[in-house]
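Here's the structure we're looking at; comments come further down.
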Amino acid sequence: MRYTHSVMETWRLLDTGPLSAAENMALDEGLLELKAEGKIPPTLRFLQFSPPCVLVGHHQSVDEEIRLDYCRSNGIGINRRLTGGGALYWGTRELGWEIYISKIHPSVPATFEELYRKFGESAARGLRHLGVDACFRPRNDIEIQGRKISGTGGTELAGAILFQGTVLVDFDIDVMLRALRIPTEKLQDKEIESVKERVTCLKWELGFVPPLSEIKTALLRGFGESFGVTFDPQPLTSDEQNLLKQKLPYFSSPEYVFKVRDALPRRKTLSSIFKAPGGLIRVSMAVDTKTRVINQILITGDFFAHPKRLIFDLECLLKNSKATPSHIRETITSFFSDGRPQIPGVSKDHLITSIEEAIQKIDLLPWGFDAEGTHHLFPVLKPFREVRKPDVLLLPYCAKETQCPYRNEKGCGECGKCSVGDAAQMARSFGMDAVTIQNYEDLEATLLQLKRSGARSFIGSCCEPFYGKHRPDFERIGLPGILVDVDQSTCYDLGQEKEAAKGNFENQTHLNLPLLQKVLEYAHG
Ligand code: SF4
């Protein structure tokens, strides 16, 4: 009879303490190279960053992901990871872990998906030892009740793997929102607040900041249990220190940090708003316009999703996926067919339409619209490209000079004192009629009359809250069109929407004439 005696494997533990972003990145490369050359044992390294920094994924462009001015003026370091994935902000209280291991190590799963799962589940298991309910969320997050506490990612070199993850300990989410180009530009304050619900950290979960040593012990337990190993703390070897010194100048250089640069920025923020019976849905997404991949997506609004993670999970599924109508429809349909709870008053079709309406704005970009301009365009009934040769331009009375004799009457004398006259002339140059709209009833009557008389479509101008509120009315009336946002603070911002609907709004808005001109050129092109 043969007896086997298994000895538990020991991995090396490095704890390199707070280092700059360049030092940490240089060390990552040095350790990975040494692992590939078979010169170091399986190694787990704990890392921290000081000063705080933002790290883009290996293939990302710094300019597109990071608010450089904010980072520079706030002493936030900027660097590039060896691993792929998205940009992240790393405060001085956060803890990183990373594992260097051979690809053919018996504990390393063969498939990419399983590898992410195993490392992610190991880290989540460690965090659970701290008393939080952490679990792995495919493809590469660790979450607590749908809120992300850790992201992970890996890379490989000649048979060696570097797999790393963060643990948010005492996270400053406001700094993160300012430092990274998360597509929040179009969100209102309360929606930005709701974006914060997508992230959590140990402090918020536990009510206190656990000592770093306890977090490290918990993570080591998690990895030790998952991989069946123990850890032996050791310092950096002199080879490793030398490699760090050699590599540091390159990892500190703009040549490395800014090495991915596009001739034309490809990442654009696109947005849409949609009024569903259950509330307003606002979609804000960053899309790579060349590959048509969704880099990030935020679905916010005043609807009630229970549990809240429903929306966060959906965003996770859509992130890094194709921004095509068929893919969006497929993903959302299968998400809600999975026996998941429904969102009251928000159907899967409402979500699909909201996202599709943001995506269709990609088609406007080659026509000379910039991404900012597209935030101010709202489709009525049909995609923008289907509104061809509109018959009429509808202009709101609130853009008329407050002292103008036409302020409370239909028409405009084109005296040159406000943008309404300019817009009316613009309409004529495209062979369109210009009609001023004096109140909501007038709008409805005008649209119905146009429809009866066989008009194809219209262009109009109104503010975003008016569009959000009256979108169902526009759809009921049934004349397709494009609405262009007005330029100034609106009656809704000023709390005067009732007065405005009756035609009694006392302030003056301004038409966005350059955008209106572009829309007219587009619709007649
Ligand atoms: S341009 Fe038209 S709406 Fe504006 S002040 Fe003159 S007459 Fe009135």
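A note on labels: chains of the structure tokens are A, B, ... as shown, every chain counts residues from 1, and ligands are counted from 1 in their shown order.
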
Discussion item. Residues contacting ligand 1 - anything with an atom at most 6 Å away, using only C-alpha atoms and all ligand atoms - can you give me those as a PyMOL selection string?
Written reply: chain A and resi 400-401+404+406+412-418+420-421

Item to complete: Could you find all residues in segment 36-143 of chain A that DSSP calls helix (DSSP H, G or I) from the backbone, and write them as a PyMOL selection string?
Response: chain A and resi 36+62-65+68-73+112-128

Item to complete: Report as JSON, numbers by chain: the residues of segment 58-192 of chain A with a DSSP assignment of strand (DSSP E or B), based on the backbone of this structure.
Response: {"A": [66, 77, 78, 79, 80, 88, 89, 90, 95, 96, 97, 98, 99, 100, 101, 102, 134, 135, 136, 137, 141, 142, 143, 144, 147, 148, 149, 150, 151, 152, 153, 154, 155, 156, 157, 160, 161, 162, 163, 164, 165, 166, 167, 180]}

Item to complete: Would you mind telling me which residue in A:Trp367, A:Glu65, A:Glu464, A:Pro480 lies nearest to Lys518 of chain A when using only C-alpha atoms?
Response: A:Trp367

Would you mind listing what lies within 12 Å of Ser326 of chain A as a PDB file with all heavy atoms, in the first residue's frame, with only C-alpha atoms counted and same-chain residues fewer than 2 positions away left out?
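Printed below is out.pdb as written:
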```
ATOM      1  N   SER A 321     -20.263  45.866 -23.350  1.00  0.00           N
ATOM      2  CA  SER A 321     -20.945  45.065 -24.369  1.00  0.00           C
ATOM      3  C   SER A 321     -21.272  45.965 -25.559  1.00  0.00           C
ATOM      4  O   SER A 321     -21.095  47.180 -25.512  1.00  0.00           O
ATOM      5  CB  SER A 321     -22.201  44.415 -23.803  1.00  0.00           C
ATOM      6  OG  SER A 321     -23.193  45.385 -23.610  1.00  0.00           O
ATOM      7  N   LYS A 322     -21.739  45.351 -26.614  1.00  0.00           N
ATOM      8  CA  LYS A 322     -21.969  46.071 -27.869  1.00  0.00           C
ATOM      9  C   LYS A 322     -23.151  47.044 -27.769  1.00  0.00           C
ATOM     10  O   LYS A 322     -24.213  46.677 -27.263  1.00  0.00           O
ATOM     11  CB  LYS A 322     -22.268  45.064 -28.983  1.00  0.00           C
ATOM     12  CG  LYS A 322     -21.000  44.525 -29.610  1.00  0.00           C
ATOM     13  CD  LYS A 322     -20.534  45.486 -30.686  1.00  0.00           C
ATOM     14  CE  LYS A 322     -19.219  45.065 -31.305  1.00  0.00           C
ATOM     15  NZ  LYS A 322     -18.580  46.139 -32.067  1.00  0.00           N
ATOM     16  N   ALA A 323     -22.928  48.243 -28.282  1.00  0.00           N
ATOM     17  CA  ALA A 323     -23.995  49.248 -28.259  1.00  0.00           C
ATOM     18  C   ALA A 323     -24.840  49.125 -29.524  1.00  0.00           C
ATOM     19  O   ALA A 323     -24.918  50.047 -30.322  1.00  0.00           O
ATOM     20  CB  ALA A 323     -23.382  50.642 -28.154  1.00  0.00           C
ATOM     21  N   THR A 324     -25.436  47.953 -29.716  1.00  0.00           N
ATOM     22  CA  THR A 324     -26.315  47.790 -30.883  1.00  0.00           C
ATOM     23  C   THR A 324     -27.722  47.486 -30.382  1.00  0.00           C
ATOM     24  O   THR A 324     -27.889  46.831 -29.342  1.00  0.00           O
ATOM     25  CB  THR A 324     -25.874  46.608 -31.771  1.00  0.00           C
ATOM     26  OG1 THR A 324     -25.829  45.429 -30.955  1.00  0.00           O
ATOM     27  CG2 THR A 324     -24.515  46.833 -32.372  1.00  0.00           C
ATOM     28  N   ILE A 328     -28.775  45.148 -27.084  1.00  0.00           N
ATOM     29  CA  ILE A 328     -29.448  45.775 -25.933  1.00  0.00           C
ATOM     30  C   ILE A 328     -30.768  45.046 -25.656  1.00  0.00           C
ATOM     31  O   ILE A 328     -31.085  44.692 -24.522  1.00  0.00           O
ATOM     32  CB  ILE A 328     -29.730  47.275 -26.222  1.00  0.00           C
ATOM     33  CG1 ILE A 328     -28.430  48.037 -26.466  1.00  0.00           C
ATOM     34  CG2 ILE A 328     -30.545  47.921 -25.110  1.00  0.00           C
ATOM     35  CD1 ILE A 328     -27.466  48.079 -25.337  1.00  0.00           C
ATOM     36  N   ARG A 329     -31.523  44.818 -26.732  1.00  0.00           N
ATOM     37  CA  ARG A 329     -32.831  44.156 -26.562  1.00  0.00           C
ATOM     38  C   ARG A 329     -32.651  42.760 -25.967  1.00  0.00           C
ATOM     39  O   ARG A 329     -33.333  42.369 -25.031  1.00  0.00           O
ATOM     40  CB  ARG A 329     -33.548  44.100 -27.924  1.00  0.00           C
ATOM     41  CG  ARG A 329     -34.912  43.458 -27.903  1.00  0.00           C
ATOM     42  CD  ARG A 329     -35.723  43.840 -29.124  1.00  0.00           C
ATOM     43  NE  ARG A 329     -36.182  45.226 -29.095  1.00  0.00           N
ATOM     44  CZ  ARG A 329     -37.260  45.631 -28.422  1.00  0.00           C
ATOM     45  NH1 ARG A 329     -37.990  44.778 -27.753  1.00  0.00           N
ATOM     46  NH2 ARG A 329     -37.611  46.896 -28.437  1.00  0.00           N
ATOM     47  N   GLU A 330     -31.703  42.030 -26.535  1.00  0.00           N
ATOM     48  CA  GLU A 330     -31.439  40.657 -26.067  1.00  0.00           C
ATOM     49  C   GLU A 330     -31.050  40.643 -24.579  1.00  0.00           C
ATOM     50  O   GLU A 330     -31.587  39.881 -23.782  1.00  0.00           O
ATOM     51  CB  GLU A 330     -30.234  40.139 -26.839  1.00  0.00           C
ATOM     52  CG  GLU A 330     -30.373  38.775 -27.452  1.00  0.00           C
ATOM     53  CD  GLU A 330     -29.169  38.560 -28.362  1.00  0.00           C
ATOM     54  OE1 GLU A 330     -28.090  38.300 -27.826  1.00  0.00           O
ATOM     55  OE2 GLU A 330     -29.335  38.711 -29.590  1.00  0.00           O
ATOM     56  N   THR A 331     -30.109  41.534 -24.221  1.00  0.00           N
ATOM     57  CA  THR A 331     -29.597  41.545 -22.847  1.00  0.00           C
ATOM     58  C   THR A 331     -30.708  41.887 -21.861  1.00  0.00           C
ATOM     59  O   THR A 331     -30.878  41.212 -20.835  1.00  0.00           O
ATOM     60  CB  THR A 331     -28.457  42.595 -22.711  1.00  0.00           C
ATOM     61  OG1 THR A 331     -27.512  42.349 -23.728  1.00  0.00           O
ATOM     62  CG2 THR A 331     -27.792  42.524 -21.361  1.00  0.00           C
ATOM     63  N   ILE A 332     -31.478  42.920 -22.178  1.00  0.00           N
ATOM     64  CA  ILE A 332     -32.504  43.357 -21.225  1.00  0.00           C
ATOM     65  C   ILE A 332     -33.632  42.335 -21.162  1.00  0.00           C
ATOM     66  O   ILE A 332     -34.154  42.028 -20.090  1.00  0.00           O
ATOM     67  CB  ILE A 332     -33.012  44.768 -21.597  1.00  0.00           C
ATOM     68  CG1 ILE A 332     -31.839  45.743 -21.445  1.00  0.00           C
ATOM     69  CG2 ILE A 332     -34.178  45.180 -20.727  1.00  0.00           C
ATOM     70  CD1 ILE A 332     -32.168  47.182 -21.702  1.00  0.00           C
ATOM     71  N   THR A 333     -33.994  41.770 -22.314  1.00  0.00           N
ATOM     72  CA  THR A 333     -35.077  40.782 -22.313  1.00  0.00           C
ATOM     73  C   THR A 333     -34.666  39.574 -21.474  1.00  0.00           C
ATOM     74  O   THR A 333     -35.442  39.104 -20.633  1.00  0.00           O
ATOM     75  CB  THR A 333     -35.407  40.349 -23.760  1.00  0.00           C
ATOM     76  OG1 THR A 333     -35.718  41.521 -24.500  1.00  0.00           O
ATOM     77  CG2 THR A 333     -36.578  39.396 -23.800  1.00  0.00           C
ATOM     78  N   ILE A 352     -35.292  49.542 -22.811  1.00  0.00           N
ATOM     79  CA  ILE A 352     -34.682  49.336 -24.135  1.00  0.00           C
ATOM     80  C   ILE A 352     -34.758  50.638 -24.943  1.00  0.00           C
ATOM     81  O   ILE A 352     -33.774  51.096 -25.514  1.00  0.00           O
ATOM     82  CB  ILE A 352     -35.390  48.177 -24.883  1.00  0.00           C
ATOM     83  CG1 ILE A 352     -35.079  46.845 -24.190  1.00  0.00           C
ATOM     84  CG2 ILE A 352     -34.976  48.138 -26.346  1.00  0.00           C
ATOM     85  CD1 ILE A 352     -35.935  45.678 -24.636  1.00  0.00           C
ATOM     86  N   THR A 353     -35.941  51.251 -24.955  1.00  0.00           N
ATOM     87  CA  THR A 353     -36.096  52.505 -25.711  1.00  0.00           C
ATOM     88  C   THR A 353     -35.146  53.574 -25.187  1.00  0.00           C
ATOM     89  O   THR A 353     -34.493  54.283 -25.963  1.00  0.00           O
ATOM     90  CB  THR A 353     -37.553  53.013 -25.605  1.00  0.00           C
ATOM     91  OG1 THR A 353     -38.404  51.967 -26.042  1.00  0.00           O
ATOM     92  CG2 THR A 353     -37.790  54.244 -26.450  1.00  0.00           C
ATOM     93  N   ILE A 355     -32.284  53.310 -23.710  1.00  0.00           N
ATOM     94  CA  ILE A 355     -30.882  53.065 -24.075  1.00  0.00           C
ATOM     95  C   ILE A 355     -30.689  53.241 -25.581  1.00  0.00           C
ATOM     96  O   ILE A 355     -29.727  53.851 -26.035  1.00  0.00           O
ATOM     97  CB  ILE A 355     -30.437  51.672 -23.594  1.00  0.00           C
ATOM     98  CG1 ILE A 355     -30.497  51.631 -22.066  1.00  0.00           C
ATOM     99  CG2 ILE A 355     -29.033  51.342 -24.075  1.00  0.00           C
ATOM    100  CD1 ILE A 355     -30.304  50.266 -21.459  1.00  0.00           C
ATOM    101  N   GLU A 356     -31.659  52.749 -26.348  1.00  0.00           N
ATOM    102  CA  GLU A 356     -31.546  52.903 -27.808  1.00  0.00           C
ATOM    103  C   GLU A 356     -31.516  54.377 -28.210  1.00  0.00           C
ATOM    104  O   GLU A 356     -30.819  54.758 -29.141  1.00  0.00           O
ATOM    105  CB  GLU A 356     -32.715  52.202 -28.503  1.00  0.00           C
ATOM    106  CG  GLU A 356     -32.487  50.715 -28.600  1.00  0.00           C
ATOM    107  CD  GLU A 356     -33.663  49.979 -29.239  1.00  0.00           C
ATOM    108  OE1 GLU A 356     -34.678  50.630 -29.580  1.00  0.00           O
ATOM    109  OE2 GLU A 356     -33.557  48.766 -29.386  1.00  0.00           O
ATOM    110  N   ILE A 359     -28.094  55.594 -27.733  1.00  0.00           N
ATOM    111  CA  ILE A 359     -27.179  55.017 -28.728  1.00  0.00           C
ATOM    112  C   ILE A 359     -27.360  55.640 -30.121  1.00  0.00           C
ATOM    113  O   ILE A 359     -26.400  55.864 -30.839  1.00  0.00           O
ATOM    114  CB  ILE A 359     -27.382  53.484 -28.811  1.00  0.00           C
ATOM    115  CG1 ILE A 359     -26.840  52.832 -27.542  1.00  0.00           C
ATOM    116  CG2 ILE A 359     -26.680  52.904 -30.024  1.00  0.00           C
ATOM    117  CD1 ILE A 359     -27.147  51.361 -27.467  1.00  0.00           C
TER     118      ILE A 359
END
```

Worksheet entry | Residue nearest Arg282 of chain A among A:Leu212, A:Leu88, A:Ile192, A:Val229 (counting only C-alpha atoms) |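 Residue with the minimum atom-to-atom distance to Arg282 of chain A: A:Ile192.
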
Item to complete: Could you jot down the atom CA of Arg267 of chain A to atom CA of Glu193 of chain A separation for me, Å, one decimal place?
Response: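 Between atom CA of Arg267 of chain A and atom CA of Glu193 of chain A the gap works out to 23.8 Å.
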